[in-house]
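To be precise, the following lines are structure.cif, and they hold mmCIF, C-alpha atoms.
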data_model
#
loop_
_atom_site.label_atom_id
_atom_site.label_comp_id
_atom_site.auth_asym_id
_atom_site.auth_seq_id
_atom_site.Cartn_x
_atom_site.Cartn_y
_atom_site.Cartn_z
CA GLY N 126 154.58 118.26 22.93
CA ASP N 127 158.39 118.21 22.50
CA GLY N 128 158.55 114.42 22.25
CA SER N 129 160.12 113.96 25.68
CA CYS N 130 159.16 111.00 27.82
CA PRO N 131 159.80 110.16 31.46
CA LEU N 132 162.85 108.01 32.11
CA GLY N 133 162.00 106.94 35.63
CA LEU N 134 159.79 107.35 38.64
CA VAL N 135 160.96 107.75 42.22
CA CYS N 136 158.55 107.03 45.08
CA VAL N 137 159.34 107.73 48.73
CA SER N 138 157.23 106.34 51.55
CA ASP N 139 157.45 105.23 55.16
CA PRO N 140 156.69 101.51 55.39
CA VAL N 141 154.09 100.37 57.89
CA ARG N 142 155.57 98.60 60.87
CA PRO N 143 155.43 94.86 60.19
CA GLU N 144 153.83 94.07 63.56
CA ALA N 145 151.22 96.87 63.43
CA SER N 146 148.44 94.78 61.92
CA ALA N 147 149.00 91.94 64.40
CA ALA N 148 148.98 94.39 67.31
CA VAL N 149 145.70 95.99 66.23
CA ALA N 150 144.09 92.57 65.78
CA ALA N 151 145.36 91.41 69.18
CA LEU N 152 143.93 94.50 70.89
CA ALA N 153 140.58 93.95 69.17
CA ARG N 154 140.46 90.38 70.50
CA ARG N 155 140.96 91.81 73.98
CA GLY N 156 138.03 94.18 73.61
CA VAL N 157 140.10 97.29 72.95
CA GLU N 158 138.88 99.57 70.17
CA THR N 159 141.76 101.16 68.29
CA SER N 160 141.89 104.51 66.51
CA MET N 161 144.66 106.43 64.78
CA VAL N 162 145.22 110.16 65.26
CA SER N 163 147.86 111.44 62.89
CA GLY N 164 149.41 114.69 61.82
CA ASP N 165 149.80 113.32 58.30
CA ASN N 166 147.40 114.20 55.49
CA TRP N 167 144.18 112.28 55.02
CA ARG N 168 145.39 110.24 52.06
CA VAL N 169 148.40 108.86 53.94
CA ALA N 170 146.47 108.34 57.16
CA ARG N 171 143.67 106.41 55.46
CA ALA N 172 146.18 104.23 53.58
CA VAL N 173 148.04 103.33 56.78
CA ALA N 174 144.81 102.70 58.68
CA ALA N 175 143.51 100.42 55.94
CA ALA N 176 146.79 98.50 55.88
CA VAL N 177 146.68 97.71 59.60
CA GLY N 178 142.93 97.30 60.07
CA ILE N 179 142.02 100.53 61.87
CA ARG N 180 138.57 101.93 61.09
CA HIS N 181 138.59 105.19 63.04
CA VAL N 182 141.02 107.78 61.70
CA ILE N 183 141.68 111.44 62.45
CA ALA N 184 144.24 113.06 60.15
CA GLU N 185 146.01 116.43 59.91
CA ALA N 186 145.73 116.68 63.70
CA LEU N 187 147.72 119.23 65.65
CA PRO N 188 148.79 118.48 69.26
CA GLY N 189 145.69 120.29 70.53
CA ASP N 190 143.47 118.25 68.22
CA LYS N 191 144.88 115.05 69.68
CA VAL N 192 144.10 116.25 73.19
CA ASP N 193 140.56 117.15 72.13
CA ALA N 194 140.09 113.67 70.64
CA VAL N 195 141.11 112.09 73.94
CA ARG N 196 138.80 114.37 75.91
CA ARG N 197 135.83 113.52 73.68
CA LEU N 198 136.35 109.84 74.33
CA GLN N 199 136.72 110.40 78.05
CA ARG N 200 133.52 112.44 78.18
CA ALA N 201 131.79 109.51 76.46
CA GLY N 202 132.90 107.29 79.33
CA ALA N 203 135.83 105.53 77.65
CA LYS N 204 139.12 104.71 79.30
CA VAL N 205 141.74 105.99 76.90
CA ALA N 206 145.32 104.84 76.38
CA VAL N 207 147.54 106.83 74.03
CA VAL N 208 150.54 105.25 72.34
CA GLY N 209 153.02 107.80 71.03
CA ASP N 210 156.65 108.51 70.29
CA GLY N 211 156.92 112.19 69.43
CA ILE N 212 156.78 115.62 71.02
CA ASN N 213 153.39 116.23 69.39
CA ASP N 214 152.01 113.16 71.16
CA ALA N 215 153.05 114.23 74.67
CA PRO N 216 150.01 116.47 75.45
CA ALA N 217 147.57 113.73 74.44
CA MET N 218 149.52 111.15 76.44
CA ALA N 219 149.37 113.38 79.50
CA GLN N 220 145.60 113.86 79.06
CA ALA N 221 144.88 110.15 78.58
CA ASP N 222 144.14 107.71 81.38
CA LEU N 223 147.33 105.93 80.37
CA GLY N 224 150.19 107.12 78.19
CA ILE N 225 152.48 104.56 76.57
CA ALA N 226 155.76 105.64 74.97
CA VAL N 227 157.83 103.40 72.72
CA GLY N 228 161.56 102.98 73.17
CA ALA N 229 162.52 105.08 70.15
CA GLY N 230 160.37 107.99 71.29
CA THR N 231 161.49 111.43 72.36
CA ASP N 232 162.38 112.31 75.94
CA VAL N 233 159.30 114.52 76.18
CA ALA N 234 157.01 111.66 75.17
CA MET N 235 158.67 109.31 77.66
CA GLU N 236 158.28 111.85 80.46
CA ALA N 237 154.57 112.24 79.73
CA ALA N 238 153.99 108.49 79.62
CA GLY N 239 153.00 106.23 82.47
CA VAL N 240 154.54 103.21 80.74
CA VAL N 241 157.70 103.18 78.61
CA LEU N 242 158.44 100.21 76.36
CA VAL N 243 162.01 99.10 75.76
CA ARG N 244 161.56 98.39 72.08
CA SER N 245 159.71 100.10 69.25
CA ASN N 246 157.43 97.09 68.89
CA LEU N 247 153.68 97.60 69.00
CA LEU N 248 153.11 94.04 70.20
CA ASP N 249 154.70 95.12 73.47
CA VAL N 250 151.60 97.30 73.97
CA VAL N 251 149.55 94.10 73.95
CA ALA N 252 152.01 92.49 76.37
CA ALA N 253 151.75 95.48 78.73
CA LEU N 254 147.95 95.28 78.69
CA ASP N 255 148.02 91.54 79.35
CA ILE N 256 150.49 91.88 82.21
CA SER N 257 148.39 94.60 83.83
CA ARG N 258 145.19 92.58 83.64
CA VAL N 259 146.79 89.36 84.85
CA THR N 260 148.49 91.20 87.72
CA PHE N 261 145.28 92.82 88.94
CA GLN N 262 143.47 89.50 88.69
CA ARG N 263 146.18 87.86 90.80
CA ILE N 264 145.96 90.68 93.35
CA ARG N 265 142.22 90.10 93.72
CA ILE N 266 142.74 86.36 94.17
CA ASN N 267 145.43 86.91 96.81
CA LEU N 268 143.27 89.40 98.70
CA PHE N 269 140.30 87.04 98.67
CA PHE N 270 142.23 84.06 100.02
CA SER N 271 144.08 86.21 102.58
CA LEU N 272 140.80 87.60 103.85
CA ALA N 273 139.15 84.18 103.96
CA TYR N 274 142.18 82.69 105.72
CA ASN N 275 142.12 85.33 108.44
CA VAL N 276 138.35 85.28 108.84
CA LEU N 277 138.56 81.55 109.60
CA GLY N 278 141.91 81.42 111.35
CA VAL N 279 141.69 84.32 113.80
CA PRO N 280 138.51 83.10 115.56
CA ILE N 281 139.97 79.59 115.84
CA ALA N 282 143.22 80.96 117.28
CA ALA N 283 141.20 83.05 119.75
CA GLY N 284 139.39 79.93 120.99
CA ALA N 285 136.00 80.61 119.44
CA LEU N 286 135.46 76.89 118.74
CA PHE N 287 136.59 75.66 122.14
CA PRO N 288 133.18 75.89 123.90
CA LEU N 289 131.53 73.88 121.11
CA LEU N 290 134.14 71.47 119.79
CA ARG N 291 136.82 71.64 122.47
CA VAL N 292 139.27 72.60 119.73
CA ARG N 293 142.17 74.76 120.77
CA LEU N 294 144.95 76.14 118.54
CA PRO N 295 148.31 76.40 120.32
CA PRO N 296 150.11 79.76 119.87
CA GLU N 297 153.07 78.18 118.08
CA VAL N 298 150.75 76.47 115.59
CA ALA N 299 148.90 79.76 115.02
CA ALA N 300 152.21 81.54 114.33
CA LEU N 301 153.24 78.83 111.88
CA ALA N 302 149.88 79.00 110.12
CA MET N 303 150.25 82.77 109.74
CA ALA N 304 153.69 82.34 108.18
CA LEU N 305 152.35 79.70 105.81
CA SER N 306 149.64 82.11 104.68
CA SER N 307 152.32 84.56 103.56
CA VAL N 308 154.13 81.78 101.71
CA SER N 309 150.93 80.85 99.89
CA VAL N 310 150.49 84.45 98.71
CA VAL N 311 154.07 84.52 97.41
CA LEU N 312 153.63 81.21 95.60
CA SER N 313 150.38 82.45 94.08
CA SER N 314 152.12 85.60 92.85
CA LEU N 315 154.88 83.53 91.26
CA LEU N 316 152.27 82.15 88.87
CA LEU N 317 152.66 85.45 87.01
CA MET N 318 155.94 84.03 85.69
CA ARG N 319 153.89 81.67 83.55
CA TYR N 320 152.71 84.57 81.37
CA ARG N 321 153.94 84.40 77.79
CA PRO N 322 153.87 87.59 75.68
CA PRO N 323 152.46 87.62 72.13
CA VAL N 324 154.75 86.22 69.46
CA GLY N 325 157.18 88.91 68.35
CA SER N 326 156.94 91.03 71.49
CA ALA N 327 159.54 91.44 74.20
CA ALA N 328 159.53 89.35 77.32
CA ALA N 329 157.17 90.55 80.02
CA ALA N 330 159.85 91.81 82.34
CA ALA N 331 161.72 93.58 79.55
CA ALA N 332 158.63 95.14 77.98
CA LEU N 333 158.10 97.58 80.84
CA VAL N 334 160.95 99.73 82.08
CA LYS N 335 158.91 102.38 83.83
CA GLN N 336 155.44 102.21 85.32
CA ARG N 337 153.92 104.75 87.65
CA VAL N 338 151.62 103.01 90.08
CA ASP N 339 148.55 104.85 91.35
CA THR N 340 147.15 102.99 94.34
CA HIS N 341 143.76 104.62 93.80
CA ALA N 342 143.52 103.78 90.11
CA SER N 343 141.18 101.13 88.81
CA PRO N 344 142.55 98.17 86.80
CA PRO N 345 143.42 98.93 83.18
CA SER N 346 140.29 98.49 81.09
CA ALA N 347 140.88 100.80 78.16
CA THR N 348 138.11 100.71 75.61
CA MET N 349 139.97 102.93 73.16
CA THR N 350 143.65 103.04 72.34
CA MET N 351 144.90 105.92 70.24
CA LEU N 352 147.71 104.93 67.90
CA THR N 353 149.60 108.00 66.75
CA PRO N 354 151.86 108.07 63.66
CA LEU N 355 154.30 105.64 65.27
CA LEU N 356 152.74 103.07 62.97
CA THR N 357 155.06 104.38 60.28
CA PRO N 358 158.63 104.66 61.53
CA ALA N 359 160.40 107.94 60.92
#
Could I get this file's structure written as structure tokens?
Amino acid sequence: GDGSCPLGLVCVSDPVRPEASAAVAALARRGVETSMVSGDNWRVARAVAAAVGIRHVIAEALPGDKVDAVRRLQRAGAKVAVVGDGINDAPAMAQADLGIAVGAGTDVAMEAAGVVLVRSNLLDVVAALDISRVTFQRIRINLFFSLAYNVLGVPIAAGALFPLLRVRLPPEVAALAMALSSVSVVLSSLLLMRYRPPVGSAAAAAALVKQRVDTHASPPSATMTMLTPLLTPA
């Protein structure tokens, strides 16, 4: 009423990571359903989720709420991976089947994670998933051929075919064949070097700097990945 008018408008916001949308789309193509659990208010959380293509959003979540969200998914039978970078994400990362911390995360988050990425690049999450799946597939192939090789080779070396075909395998040939089987497994494993990470992500070897291996764990097959507020850099 005094005739004054605004002279300017200042807006402050955290930009969405440029690779976030591509990472969410890449995970979807791999059969991974992505959700975002954020401590931000609902308006901000919905805006970020819409910008990157995430449909499932939980906002204004405390650390305990994030843990509860992970537990609900696990009770429903989902394998859950949590990507986080802050202290508030650590409890959920510890509860999840797999915790993934980004390079710019806090020490607490990195300690709670099973995988730590060198860079703060969400496409490295896709690279880590790809590497895990390709590695387990190669392990299965190597085990199959090793088993088949021994099932056929050991009876022949023991003379099982001699009464029928008069075929005998000299000891030195058997030893050489056993050594060659190990070489074949190594050469098969070297095929992993042909993997190429998604465009914009780190190289496969550089993407993972820490991975805790559980020999009793099943291959990574997460059906739900929780993306915490790391979508918007601090």
**OP:** Mind checking which residues fall within 7 Å of segment 223-240 of chain N, counting all atoms listed in the file, ignoring those fewer than 2 positions away in the same chain, and posting them as a list in words?
**Re:** Val205, Ala206, Val207, Val208, Gly209, Asp210, Gly211, Ile212, Asp214, Ala215, Met218, Ala219, Ala221, Leu242, Val243, Arg244, Ser245, Leu333, Lys335, Gln336 and Arg337 of chain N
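The two atoms in question, atom CA of Leu254 of chain N and atom CA of Leu317 of chain N, are spaced 13.7 Å apart.
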**OP:** Measuring atom to atom with all atoms listed in the file, identify which of N:Val310, N:Ala300, N:Val137, N:Val173 is nearest to Arg265 of chain N.
**Re:** N:Val310
**OP:** Decode the PyMOL selection byres ((chain N and resi 189) around 12) for the given file into explicit residues and return them as a list in words.
**Re:**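 Output of the PyMOL selection byres ((chain N and resi 189) around 12): Val162, Ser163, Gly164, Glu185, Ala186, Leu187, Pro188, Asp190, Lys191, Val192, Asp193, Ala194, Val195, Arg196, Asn213, Asp214, Ala215, Pro216, Ala217, Met218, Ala219 and Gln220 of chain N.
One distance worth recording is that between atom CA of Val149 of chain N and atom CA of Asn246 of chain N, which is 12.1 Å.
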**OP:** Rank N:Val177, N:Leu248, N:Met161, N:Arg154 by their smallest atom-to-atom distance to Pro140 of chain N, using only C-alpha atoms, and report the top residue only.
**Re:**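 For Pro140 of chain N, the nearest of the given residues is N:Val177.
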Subject >> Polymer residues at most 12 Å from Ala299 of chain N, only C-alpha atoms, same-chain spacing of 3 or more positions, as a list in words >> reply: Tyr274, Asn275, Leu277, Gly278, Val279, Pro280, Ile281, Ala282, Ala283, Gly284, Arg293, Leu294, Pro295, Pro296, Ala302, Met303, Ala304, Leu305 and Ser306 of chain N
